[in-house]
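See below for work-v3.cif, which holds mmCIF, C-alpha atoms (C1' of nucleotides).
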data_upload
loop_
_atom_site.label_atom_id
_atom_site.label_comp_id
_atom_site.auth_asym_id
_atom_site.auth_seq_id
_atom_site.Cartn_x
_atom_site.Cartn_y
_atom_site.Cartn_z
CA MET A 11 -11.38 -6.83 -31.78
CA MET A 12 -11.07 -10.46 -30.80
CA GLN A 13 -8.17 -12.26 -32.34
CA GLN A 14 -8.17 -15.91 -31.55
CA ASP A 15 -5.50 -17.25 -33.87
CA LYS A 16 -2.95 -18.76 -31.47
CA PRO A 17 -4.07 -19.19 -27.93
CA SER A 18 -1.31 -21.61 -27.04
CA THR A 19 1.83 -19.64 -26.20
CA ARG A 20 0.10 -16.39 -25.50
CA ASP A 21 -2.30 -17.93 -23.03
CA ALA A 22 0.46 -19.94 -21.43
CA ILE A 23 2.34 -16.72 -20.76
CA LEU A 24 -0.76 -15.14 -19.28
CA ASP A 25 -1.25 -18.20 -17.10
CA ALA A 26 2.32 -17.86 -15.90
CA ALA A 27 1.81 -14.18 -15.15
CA GLU A 28 -1.27 -14.95 -13.07
CA ALA A 29 0.60 -17.66 -11.24
CA VAL A 30 3.42 -15.29 -10.35
CA VAL A 31 1.03 -12.62 -9.18
CA GLY A 32 -1.07 -15.03 -7.15
CA ARG A 33 1.96 -16.52 -5.44
CA ASP A 34 4.43 -13.64 -5.07
CA GLY A 35 2.22 -10.58 -5.22
CA GLY A 36 1.93 -7.75 -7.67
CA ALA A 37 5.31 -6.20 -7.00
CA ARG A 38 7.04 -9.39 -8.06
CA LEU A 39 5.24 -9.46 -11.37
CA THR A 40 8.28 -8.77 -13.50
CA ILE A 41 8.92 -9.92 -17.03
CA ASP A 42 11.83 -12.01 -15.83
CA ALA A 43 9.60 -13.76 -13.32
CA VAL A 44 7.07 -14.52 -16.03
CA VAL A 45 9.89 -15.81 -18.19
CA VAL A 46 11.02 -18.23 -15.48
CA GLU A 47 7.47 -19.29 -14.61
CA SER A 48 6.42 -19.87 -18.19
CA GLY A 49 9.55 -21.70 -19.25
CA PHE A 50 9.90 -19.54 -22.33
CA SER A 51 12.77 -17.17 -22.88
CA LYS A 52 12.74 -13.47 -22.42
CA GLY A 53 12.83 -12.77 -26.11
CA GLY A 54 9.98 -15.18 -26.64
CA VAL A 55 7.79 -13.52 -24.06
CA LEU A 56 8.58 -10.05 -25.40
CA TYR A 57 7.66 -11.23 -28.86
CA HIS A 58 4.07 -11.84 -27.81
CA PHE A 59 3.88 -8.85 -25.48
CA PRO A 60 6.18 -6.10 -26.75
CA ASN A 61 6.33 -4.50 -23.32
CA LYS A 62 5.09 -4.96 -19.81
CA THR A 63 2.09 -2.70 -20.34
CA ALA A 64 0.85 -4.93 -23.13
CA LEU A 65 1.07 -7.89 -20.79
CA LEU A 66 -0.90 -6.12 -18.08
CA GLN A 67 -3.53 -5.01 -20.58
CA ALA A 68 -4.00 -8.57 -21.72
CA MET A 69 -4.36 -9.72 -18.11
CA VAL A 70 -7.03 -7.12 -17.44
CA GLN A 71 -8.91 -7.98 -20.61
CA ARG A 72 -8.87 -11.66 -19.80
CA MET A 73 -10.28 -11.04 -16.35
CA ILE A 74 -13.05 -8.81 -17.66
CA GLU A 75 -14.02 -11.35 -20.27
CA LYS A 76 -14.28 -13.98 -17.59
CA ILE A 77 -16.53 -11.91 -15.36
CA ALA A 78 -18.59 -10.71 -18.31
CA ALA A 79 -19.18 -14.29 -19.35
CA GLU A 80 -20.40 -15.27 -15.89
CA VAL A 81 -22.69 -12.28 -15.54
CA GLY A 82 -23.95 -12.65 -19.08
CA ALA A 83 -24.81 -16.30 -18.50
CA ALA A 84 -26.64 -15.41 -15.30
CA ARG A 85 -28.68 -12.75 -17.07
CA GLU A 86 -29.67 -15.07 -19.89
CA ALA A 87 -30.63 -17.79 -17.44
CA ALA A 88 -32.78 -15.32 -15.52
CA GLN A 89 -34.49 -14.13 -18.70
CA ALA A 90 -35.20 -17.69 -19.72
CA ALA A 91 -36.55 -18.56 -16.28
CA GLY A 92 -38.52 -15.35 -15.98
CA THR A 93 -36.83 -14.42 -12.70
CA PRO A 94 -35.54 -10.89 -12.00
CA GLU A 95 -32.26 -10.13 -13.76
CA HIS A 96 -31.14 -7.97 -10.89
CA VAL A 97 -31.12 -10.87 -8.48
CA ALA A 98 -29.24 -13.06 -10.94
CA VAL A 99 -26.55 -10.45 -11.51
CA VAL A 100 -26.10 -9.78 -7.80
CA GLU A 101 -25.75 -13.48 -7.15
CA ALA A 102 -23.30 -13.92 -10.01
CA VAL A 103 -21.10 -11.06 -8.89
CA LEU A 104 -21.15 -12.29 -5.31
CA ALA A 105 -20.25 -15.79 -6.45
CA HIS A 106 -17.31 -14.53 -8.47
CA ARG A 107 -15.74 -13.30 -5.27
CA LYS A 108 -14.31 -16.71 -4.48
CA THR A 109 -12.54 -17.39 -7.76
CA ASP A 110 -10.14 -14.46 -7.57
CA SER A 111 -6.93 -15.17 -5.71
CA GLY A 112 -5.20 -11.85 -5.32
CA ILE A 113 -4.89 -11.22 -9.02
CA SER A 114 -7.10 -8.16 -8.93
CA MET A 115 -4.91 -6.75 -6.19
CA ALA A 116 -1.95 -6.84 -8.52
CA LEU A 117 -3.86 -5.20 -11.32
CA LEU A 118 -5.05 -2.62 -8.86
CA ALA A 119 -1.49 -1.86 -7.93
CA ALA A 120 -0.43 -1.73 -11.54
CA SER A 121 -3.22 0.71 -12.31
CA ALA A 122 -1.65 3.14 -9.87
CA GLU A 123 1.21 3.46 -12.33
CA GLN A 124 -0.93 3.47 -15.41
CA PRO A 125 -4.53 4.49 -14.77
CA ALA A 126 -5.40 3.75 -18.38
CA LEU A 127 -4.97 0.07 -17.64
CA LEU A 128 -8.34 0.02 -15.93
CA ASP A 129 -10.14 1.69 -18.82
CA PRO A 130 -11.63 -1.56 -20.15
CA ALA A 131 -12.82 -2.41 -16.65
CA ARG A 132 -14.30 1.03 -16.22
CA ASN A 133 -16.16 0.76 -19.48
CA TYR A 134 -17.56 -2.66 -18.70
CA VAL A 135 -18.73 -1.72 -15.23
CA CYS A 136 -20.30 1.53 -16.41
CA ASP A 137 -22.08 -0.23 -19.26
CA THR A 138 -23.55 -3.04 -17.19
CA VAL A 139 -23.77 -2.07 -13.55
CA GLY A 140 -24.48 1.58 -14.25
CA GLU A 141 -27.30 0.66 -16.61
CA MET A 142 -28.81 -1.84 -14.20
CA ALA A 143 -28.77 0.63 -11.34
CA ARG A 144 -30.39 3.34 -13.44
CA ASN A 145 -33.15 1.07 -14.70
CA ALA A 146 -33.92 -0.39 -11.30
CA PRO A 147 -37.25 0.29 -9.57
CA ASP A 148 -35.26 2.05 -6.85
CA PRO A 149 -32.03 3.37 -8.46
CA ALA A 150 -30.46 4.65 -5.25
CA LEU A 151 -31.06 1.39 -3.42
CA SER A 152 -29.78 -0.61 -6.37
CA ALA A 153 -26.65 1.51 -6.43
CA ILE A 154 -26.16 0.97 -2.71
CA ILE A 155 -26.40 -2.77 -3.17
CA PHE A 156 -23.78 -2.76 -5.92
CA LEU A 157 -21.58 -0.42 -3.92
CA ALA A 158 -21.83 -2.69 -0.89
CA ILE A 159 -20.72 -5.61 -3.06
CA ASP A 160 -17.79 -3.50 -4.21
CA GLY A 161 -17.05 -2.79 -0.57
CA LEU A 162 -17.09 -6.51 0.16
CA HIS A 163 -14.67 -7.17 -2.68
CA PHE A 164 -12.23 -4.42 -1.82
CA THR A 165 -12.15 -4.94 1.93
CA GLU A 166 -11.60 -8.62 1.37
CA LEU A 167 -8.91 -7.87 -1.18
CA LEU A 168 -7.11 -5.65 1.30
CA GLY A 169 -7.64 -8.00 4.22
CA ILE A 170 -9.66 -5.36 6.04
CA ASN A 171 -11.99 -7.82 7.65
CA TYR A 172 -14.08 -5.93 10.11
CA LEU A 173 -16.70 -8.56 9.48
CA SER A 174 -16.42 -12.18 10.48
CA PRO A 175 -17.05 -14.81 7.81
CA GLU A 176 -20.46 -15.41 9.37
CA GLN A 177 -21.27 -11.72 9.22
CA ARG A 178 -20.14 -11.62 5.62
CA ASP A 179 -22.46 -14.48 4.78
CA ALA A 180 -25.28 -12.69 6.56
CA VAL A 181 -24.56 -9.50 4.63
CA GLN A 182 -24.48 -11.42 1.39
CA ALA A 183 -27.83 -13.06 2.10
CA ARG A 184 -29.31 -9.75 3.09
CA LEU A 185 -28.13 -8.12 -0.13
CA ILE A 186 -29.82 -10.81 -2.18
CA GLN A 187 -32.96 -10.43 -0.10
CA MET A 188 -32.97 -6.66 -0.59
CA THR A 189 -32.56 -7.14 -4.32
CA GLN A 190 -35.47 -9.56 -4.43
CA GLU A 191 -37.73 -7.25 -2.46
CA MET A 192 -36.81 -4.36 -4.73
CA SER A 193 -37.40 -6.38 -7.90
CA SER A 194 -40.80 -7.71 -6.93
CA MET B 15 3.99 5.14 21.42
CA MET B 16 3.71 8.74 20.34
CA GLN B 17 6.96 10.65 20.09
CA GLN B 18 6.42 14.29 19.41
CA ASP B 19 9.89 15.73 19.87
CA LYS B 20 10.69 17.31 16.51
CA PRO B 21 7.85 17.74 14.07
CA SER B 22 9.64 20.20 11.85
CA THR B 23 11.82 18.30 9.38
CA ARG B 24 10.01 15.02 9.70
CA ASP B 25 6.64 16.53 8.95
CA ALA B 26 8.06 18.60 6.12
CA ILE B 27 9.31 15.41 4.50
CA LEU B 28 5.92 13.77 4.94
CA ASP B 29 4.26 16.81 3.40
CA ALA B 30 6.60 16.54 0.43
CA ALA B 31 5.82 12.86 0.06
CA GLU B 32 2.09 13.57 0.02
CA ALA B 33 2.63 16.32 -2.51
CA VAL B 34 4.52 13.99 -4.82
CA VAL B 35 1.93 11.29 -4.52
CA GLY B 36 -0.98 13.67 -5.04
CA ARG B 37 0.58 15.20 -8.12
CA ASP B 38 2.47 12.38 -9.84
CA GLY B 39 0.79 9.25 -8.51
CA GLY B 40 1.96 6.41 -6.36
CA ALA B 41 4.43 4.96 -8.81
CA ARG B 42 6.40 8.19 -8.82
CA LEU B 43 6.69 8.19 -5.06
CA THR B 44 10.41 7.57 -4.97
CA ILE B 45 12.87 8.71 -2.37
CA ASP B 46 14.59 10.88 -4.93
CA ALA B 47 11.32 12.58 -5.77
CA VAL B 48 10.69 13.28 -2.10
CA VAL B 49 14.21 14.62 -1.83
CA VAL B 50 13.66 17.06 -4.68
CA GLU B 51 10.20 18.06 -3.45
CA SER B 52 11.27 18.60 0.14
CA GLY B 53 14.47 20.47 -0.70
CA PHE B 54 16.50 18.32 1.65
CA SER B 55 19.21 15.98 0.50
CA LYS B 56 18.94 12.26 0.13
CA GLY B 57 21.09 11.64 3.17
CA GLY B 58 18.99 14.00 5.20
CA VAL B 59 15.73 12.31 4.23
CA LEU B 60 17.17 8.88 4.89
CA TYR B 61 18.31 10.04 8.30
CA HIS B 62 14.71 10.57 9.40
CA PHE B 63 13.33 7.57 7.53
CA PRO B 64 16.00 4.88 7.32
CA ASN B 65 14.27 3.23 4.39
CA LYS B 66 11.31 3.67 2.12
CA THR B 67 9.10 1.39 4.17
CA ALA B 68 9.53 3.62 7.20
CA LEU B 69 8.40 6.57 5.13
CA LEU B 70 5.31 4.75 3.90
CA GLN B 71 4.47 3.60 7.42
CA ALA B 72 4.62 7.14 8.67
CA MET B 73 2.35 8.28 5.85
CA VAL B 74 -0.21 5.63 6.71
CA GLN B 75 -0.09 6.47 10.39
CA ARG B 76 -0.57 10.14 9.70
CA MET B 77 -3.60 9.51 7.56
CA ILE B 78 -5.19 7.24 10.13
CA GLU B 79 -4.68 9.77 12.88
CA LYS B 80 -6.39 12.38 10.77
CA ILE B 81 -9.44 10.25 10.07
CA ALA B 82 -9.60 9.01 13.63
CA ALA B 83 -9.62 12.57 14.87
CA GLU B 84 -12.51 13.52 12.59
CA VAL B 85 -14.57 10.48 13.48
CA GLY B 86 -13.77 10.83 17.16
CA ALA B 87 -14.88 14.45 17.17
CA ALA B 88 -18.11 13.52 15.40
CA ARG B 89 -18.85 10.82 17.97
CA GLU B 90 -18.24 13.12 20.90
CA ALA B 91 -20.41 15.80 19.36
CA ALA B 92 -23.19 13.28 18.85
CA GLN B 93 -22.92 12.05 22.42
CA ALA B 94 -23.06 15.60 23.72
CA ALA B 95 -26.04 16.42 21.53
CA GLY B 96 -27.80 13.18 22.28
CA THR B 97 -28.11 12.28 18.60
CA PRO B 98 -27.32 8.80 17.30
CA GLU B 99 -23.60 8.10 17.03
CA HIS B 100 -24.14 5.96 13.98
CA VAL B 101 -25.45 8.84 11.96
CA ALA B 102 -22.61 11.09 13.05
CA VAL B 103 -19.97 8.53 12.09
CA VAL B 104 -21.54 7.86 8.71
CA GLU B 105 -21.68 11.57 8.00
CA ALA B 106 -18.09 12.07 9.12
CA VAL B 107 -16.75 9.26 6.98
CA LEU B 108 -18.72 10.47 3.98
CA ALA B 109 -17.42 13.99 4.51
CA HIS B 110 -13.84 12.79 4.65
CA ARG B 111 -14.20 11.63 1.07
CA LYS B 112 -13.48 15.08 -0.30
CA THR B 113 -10.25 15.79 1.55
CA ASP B 114 -8.30 12.89 0.14
CA SER B 115 -6.57 13.68 -3.14
CA GLY B 116 -5.26 10.40 -4.41
CA ILE B 117 -3.03 9.74 -1.46
CA SER B 118 -4.90 6.63 -0.42
CA MET B 119 -4.47 5.30 -3.93
CA ALA B 120 -0.72 5.46 -3.50
CA LEU B 121 -0.82 3.75 -0.15
CA LEU B 122 -3.10 1.17 -1.68
CA ALA B 123 -0.56 0.50 -4.36
CA ALA B 124 2.27 0.37 -1.86
CA SER B 125 0.37 -2.13 0.24
CA ALA B 126 0.42 -4.51 -2.68
CA GLU B 127 4.16 -4.79 -2.17
CA GLN B 128 4.03 -4.81 1.60
CA PRO B 129 0.66 -5.93 2.97
CA ALA B 130 1.83 -5.20 6.50
CA LEU B 131 1.75 -1.52 5.69
CA LEU B 132 -2.00 -1.52 6.05
CA ASP B 133 -1.96 -3.21 9.44
CA PRO B 134 -2.56 0.00 11.38
CA ALA B 135 -5.46 0.84 9.08
CA ARG B 136 -6.86 -2.64 9.46
CA ASN B 137 -6.70 -2.39 13.23
CA TYR B 138 -8.35 0.99 13.33
CA VAL B 139 -11.17 0.01 11.01
CA CYS B 140 -11.82 -3.25 12.83
CA ASP B 141 -11.86 -1.53 16.19
CA THR B 142 -14.25 1.24 15.25
CA VAL B 143 -16.35 0.26 12.26
CA GLY B 144 -16.51 -3.41 13.22
CA GLU B 145 -17.67 -2.56 16.71
CA MET B 146 -20.27 -0.09 15.49
CA ALA B 147 -21.70 -2.58 13.03
CA ARG B 148 -21.89 -5.30 15.66
CA ASN B 149 -23.63 -3.08 18.22
CA ALA B 150 -26.11 -1.66 15.75
CA PRO B 151 -29.83 -2.43 16.05
CA ASP B 152 -29.56 -4.17 12.68
CA PRO B 153 -25.95 -5.40 12.32
CA ALA B 154 -26.30 -6.66 8.76
CA LEU B 155 -27.85 -3.43 7.54
CA SER B 156 -25.25 -1.39 9.39
CA ALA B 157 -22.50 -3.42 7.76
CA ILE B 158 -24.09 -2.90 4.35
CA ILE B 159 -24.11 0.84 4.90
CA PHE B 160 -20.45 0.90 5.83
CA LEU B 161 -19.60 -1.38 2.95
CA ALA B 162 -21.46 0.86 0.53
CA ILE B 163 -19.43 3.80 1.80
CA ASP B 164 -16.29 1.76 1.19
CA GLY B 165 -17.60 1.05 -2.28
CA LEU B 166 -18.09 4.77 -2.86
CA HIS B 167 -14.55 5.49 -1.75
CA PHE B 168 -12.88 2.80 -3.79
CA THR B 169 -14.82 3.29 -7.00
CA GLU B 170 -14.13 7.00 -6.78
CA LEU B 171 -10.48 6.31 -6.07
CA LEU B 172 -10.23 4.12 -9.15
CA GLY B 173 -12.27 6.42 -11.33
CA ILE B 174 -14.90 3.74 -11.81
CA ASN B 175 -17.79 6.13 -11.94
CA TYR B 176 -20.84 4.20 -12.89
CA LEU B 177 -22.77 6.77 -10.94
CA SER B 178 -23.14 10.39 -11.92
CA PRO B 179 -22.32 13.02 -9.29
CA GLU B 180 -26.03 13.53 -8.80
CA GLN B 181 -26.56 9.81 -8.27
CA ARG B 182 -23.69 9.77 -5.81
CA ASP B 183 -25.27 12.58 -3.85
CA ALA B 184 -28.56 10.73 -3.87
CA VAL B 185 -26.86 7.56 -2.65
CA GLN B 186 -25.12 9.49 0.07
CA ALA B 187 -28.37 11.06 1.28
CA ARG B 188 -30.06 7.71 1.18
CA LEU B 189 -27.32 6.12 3.26
CA ILE B 190 -27.72 8.78 5.94
CA GLN B 191 -31.47 8.32 5.83
CA MET B 192 -31.14 4.55 6.23
CA THR B 193 -28.83 5.06 9.17
CA GLN B 194 -31.29 7.42 10.84
CA GLU B 195 -34.20 5.04 10.34
CA MET B 196 -32.15 2.19 11.75
CA SER B 197 -31.00 4.20 14.76
CA SER B 198 -34.44 5.47 15.74
"C1'" DG C 16 9.08 -17.75 -33.53
"C1'" DT C 17 12.22 -18.51 -30.10
"C1'" DC C 18 16.61 -18.00 -28.17
"C1'" DT C 19 21.10 -15.55 -25.82
"C1'" DA C 20 23.36 -11.68 -24.46
"C1'" DT C 21 23.61 -7.21 -23.18
"C1'" DA C 22 22.70 -2.26 -23.22
"C1'" DG C 23 20.74 1.38 -20.58
"C1'" DT C 24 17.94 3.18 -16.83
"C1'" DC C 25 16.23 3.86 -12.24
"C1'" DC C 26 16.16 3.24 -7.51
"C1'" DG C 27 17.32 2.15 -2.69
"C1'" DA C 28 20.84 2.26 0.41
"C1'" DT C 29 25.67 3.10 2.35
"C1'" DA C 30 30.00 5.64 3.50
"C1'" DG C 31 32.09 9.36 5.04
"C1'" DA C 32 33.00 14.54 5.06
"C1'" DC C 33 31.32 18.64 7.32
"C1'" DG D 14 21.78 16.59 11.48
"C1'" DT D 15 22.63 17.47 6.87
"C1'" DC D 16 25.37 17.01 2.98
"C1'" DT D 17 27.89 14.69 -1.48
"C1'" DA D 18 29.21 10.83 -3.92
"C1'" DT D 19 28.73 6.32 -5.25
"C1'" DC D 20 27.78 1.37 -5.14
"C1'" DG D 21 25.07 -2.62 -6.25
"C1'" DG D 22 20.84 -4.57 -7.64
"C1'" DA D 23 16.70 -5.00 -10.42
"C1'" DC D 24 14.28 -3.98 -14.18
"C1'" DT D 25 12.78 -2.97 -19.24
"C1'" DA D 26 13.95 -3.30 -23.69
"C1'" DT D 27 16.90 -4.07 -27.88
"C1'" DA D 28 20.05 -6.52 -31.19
"C1'" DG D 29 21.08 -10.28 -33.54
"C1'" DA D 30 21.97 -15.49 -33.96
"C1'" DC D 31 19.41 -19.68 -34.85
#
Starting from the coordinates I provided, produce the structure as structure tokens.
Amino acid sequence: MMQQDKPSTRDAILDAAEAVVGRDGGARLTIDAVVVESGFSKGGVLYHFPNKTALLQAMVQRMIEKIAAEVGAAREAAQAAGTPEHVAVVEAVLAHRKTDSGISMALLAASAEQPALLDPARNYVCDTVGEMARNAPDPALSAIIFLAIDGLHFTELLGINYLSPEQRDAVQARLIQMTQEMSS
Amino acid sequence: MMQQDKPSTRDAILDAAEAVVGRDGGARLTIDAVVVESGFSKGGVLYHFPNKTALLQAMVQRMIEKIAAEVGAAREAAQAAGTPEHVAVVEAVLAHRKTDSGISMALLAASAEQPALLDPARNYVCDTVGEMARNAPDPALSAIIFLAIDGLHFTELLGINYLSPEQRDAVQARLIQMTQEMSS
DNA sequence: GTCTATAGTCCGATAGAC
DNA sequence: GTCTATCGGACTATAGAC
């Protein structure tokens, strides 16, 4: 499943794609733009990614792997420390919020064209978050906490800020607190 | 601000646009598709909406007016009945979930191209939800409830169902319960 | 593996008749 | 106010040289 052989060009193209999307938005994510940004030629780019869909899939996969790594590390650290995994995961997911600069918005937009693009993301979320919520002491409350985090992400992504930064911080702290109370 | 003069053709075109988007998805929402769906000609459609952006803006506005009407009615009913407004609004927003058939997904995708498209939605949400959360007995908890509802909407919209329908119902009931406890 | 050049498609928008 | 016809631009993808 994981082929590692040549990260150089392929990853450089993906970096360029993310740069385009972060700077110009999802609609401007065209193969030509990636070509210009990466410095490679069109034929070169299309050699590594036979079509635009393949490029988008690779972008999604990369993002999932990044998040999965962060969450996975948090869970292992919590297990080692003997602290509740739930709290660690909530904190990790909340922390990830800052690293994403509009890239998810582009992938969101792209998934409107091709819903299958989000399949890997769906699978990952169902496997991890769904399992955690079901195994929680209070499944409904756990689900609400994860859903609220989703709400934070999406409203922030869309610029729907009905909460001030201070209120967002307060909400974040409260979510962690609720998770701790539930886990104890 | 509101011009009502001739709802006939204009609304028919908007209906056609919603039909296209609900059936074929946001990427297929092209002027030509709306032309075919509505039965009018391209020139005729572009007479009422000089460009595609104008069409999208009108779609957004229409949707907001619909939601605002539902929420407004719920608030008035609650005031008349002397029950907590918070509960009524939460119930109304949760109920609205079923009426939307993928149209918001299209507008979401469109907003990736033109972020300004969502400005009316941003304003409405900030004015109503933001105010309610701030005036609640427990602002942070109120915000979390609204955010969780947002999470429900978006995850459903994207097909990220880490919750079974039964779990979603349980979450929904729990959210209403939390709102009642907070408002009492 | 990377390049140039170009074919072929789709879409938004305009012009002008009726 | 509604129509037909068409332009010009942007994009994906392919073919073939190096």
Applied to this file, what does the PyMOL selection byres ((chain C and resi 17) around 10) return in terms of residues, put as a PDB file with C-alpha atoms (C1' of nucleotides), in the coordinates of the input?
ATOM      1  CA  PHE A  50       9.900 -19.540 -22.330  1.00  0.00           C
ATOM      2  CA  SER A  51      12.770 -17.170 -22.880  1.00  0.00           C
ATOM      3  CA  LYS A  52      12.740 -13.470 -22.420  1.00  0.00           C
ATOM      4  CA  GLY A  53      12.830 -12.770 -26.110  1.00  0.00           C
ATOM      5  CA  GLY A  54       9.980 -15.180 -26.640  1.00  0.00           C
ATOM      6  CA  VAL A  55       7.790 -13.520 -24.060  1.00  0.00           C
ATOM      7  CA  TYR A  57       7.660 -11.230 -28.860  1.00  0.00           C
TER       8      TYR A  57
ATOM      9  C1'  DG C  16       9.080 -17.750 -33.530  1.00  0.00           C
ATOM     10  C1'  DC C  18      16.610 -18.000 -28.170  1.00  0.00           C
TER      11       DC C  18
ATOM     12  C1'  DC D  31      19.410 -19.680 -34.850  1.00  0.00           C
TER      13       DC D  31
END
**Asked** If you measure from CA of Ile27 in chain B to CA of Glu79 in chain B, what distance in Å do you get, rounded to one decimal?
**Response**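 Pair CA of Ile27 in chain B / CA of Glu79 in chain B returns 17.3 Å.
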**Request:** Quote the spacing between CA of Arg188 in chain B and CA of Leu168 in chain A in Å to one decimal place.
**Result:**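 Between CA of Arg188 in chain B and CA of Leu168 in chain A the gap works out to 26.6 Å.
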**Request:** Select residues of chain B: the criterion is any atom within 7 Å of an atom of chain A, counting only C-alpha atoms; output as a VMD selection string.
**Result:** chain B and resid 39 to 41 119 to 120 123 126 to 127 136 139 to 140 143 to 144 154 158 161 to 162 164 to 166 174 to 177 184 to 185
Using C-alpha atoms, can you export the residues from the last selection as a PDB file, in the coordinates of the input?
ATOM      1  CA  GLY B  39       0.790   9.250  -8.510  1.00  0.00           C
ATOM      2  CA  GLY B  40       1.960   6.410  -6.360  1.00  0.00           C
ATOM      3  CA  ALA B  41       4.430   4.960  -8.810  1.00  0.00           C
ATOM      4  CA  MET B 119      -4.470   5.300  -3.930  1.00  0.00           C
ATOM      5  CA  ALA B 120      -0.720   5.460  -3.500  1.00  0.00           C
ATOM      6  CA  ALA B 123      -0.560   0.500  -4.360  1.00  0.00           C
ATOM      7  CA  ALA B 126       0.420  -4.510  -2.680  1.00  0.00           C
ATOM      8  CA  GLU B 127       4.160  -4.790  -2.170  1.00  0.00           C
ATOM      9  CA  ARG B 136      -6.860  -2.640   9.460  1.00  0.00           C
ATOM     10  CA  VAL B 139     -11.170   0.010  11.010  1.00  0.00           C
ATOM     11  CA  CYS B 140     -11.820  -3.250  12.830  1.00  0.00           C
ATOM     12  CA  VAL B 143     -16.350   0.260  12.260  1.00  0.00           C
ATOM     13  CA  GLY B 144     -16.510  -3.410  13.220  1.00  0.00           C
ATOM     14  CA  ALA B 154     -26.300  -6.660   8.760  1.00  0.00           C
ATOM     15  CA  ILE B 158     -24.090  -2.900   4.350  1.00  0.00           C
ATOM     16  CA  LEU B 161     -19.600  -1.380   2.950  1.00  0.00           C
ATOM     17  CA  ALA B 162     -21.460   0.860   0.530  1.00  0.00           C
ATOM     18  CA  ASP B 164     -16.290   1.760   1.190  1.00  0.00           C
ATOM     19  CA  GLY B 165     -17.600   1.050  -2.280  1.00  0.00           C
ATOM     20  CA  LEU B 166     -18.090   4.770  -2.860  1.00  0.00           C
ATOM     21  CA  ILE B 174     -14.900   3.740 -11.810  1.00  0.00           C
ATOM     22  CA  ASN B 175     -17.790   6.130 -11.940  1.00  0.00           C
ATOM     23  CA  TYR B 176     -20.840   4.200 -12.890  1.00  0.00           C
ATOM     24  CA  LEU B 177     -22.770   6.770 -10.940  1.00  0.00           C
ATOM     25  CA  ALA B 184     -28.560  10.730  -3.870  1.00  0.00           C
ATOM     26  CA  VAL B 185     -26.860   7.560  -2.650  1.00  0.00           C
TER      27      VAL B 185
END
**Message:** Just the number, please: distance in Å from C1' of DG21 in chain D to CA of Val30 in chain A, one decimal.
**Reply:**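 Taking C1' of DG21 in chain D and CA of Val30 in chain A, their separation equals 25.4 Å.
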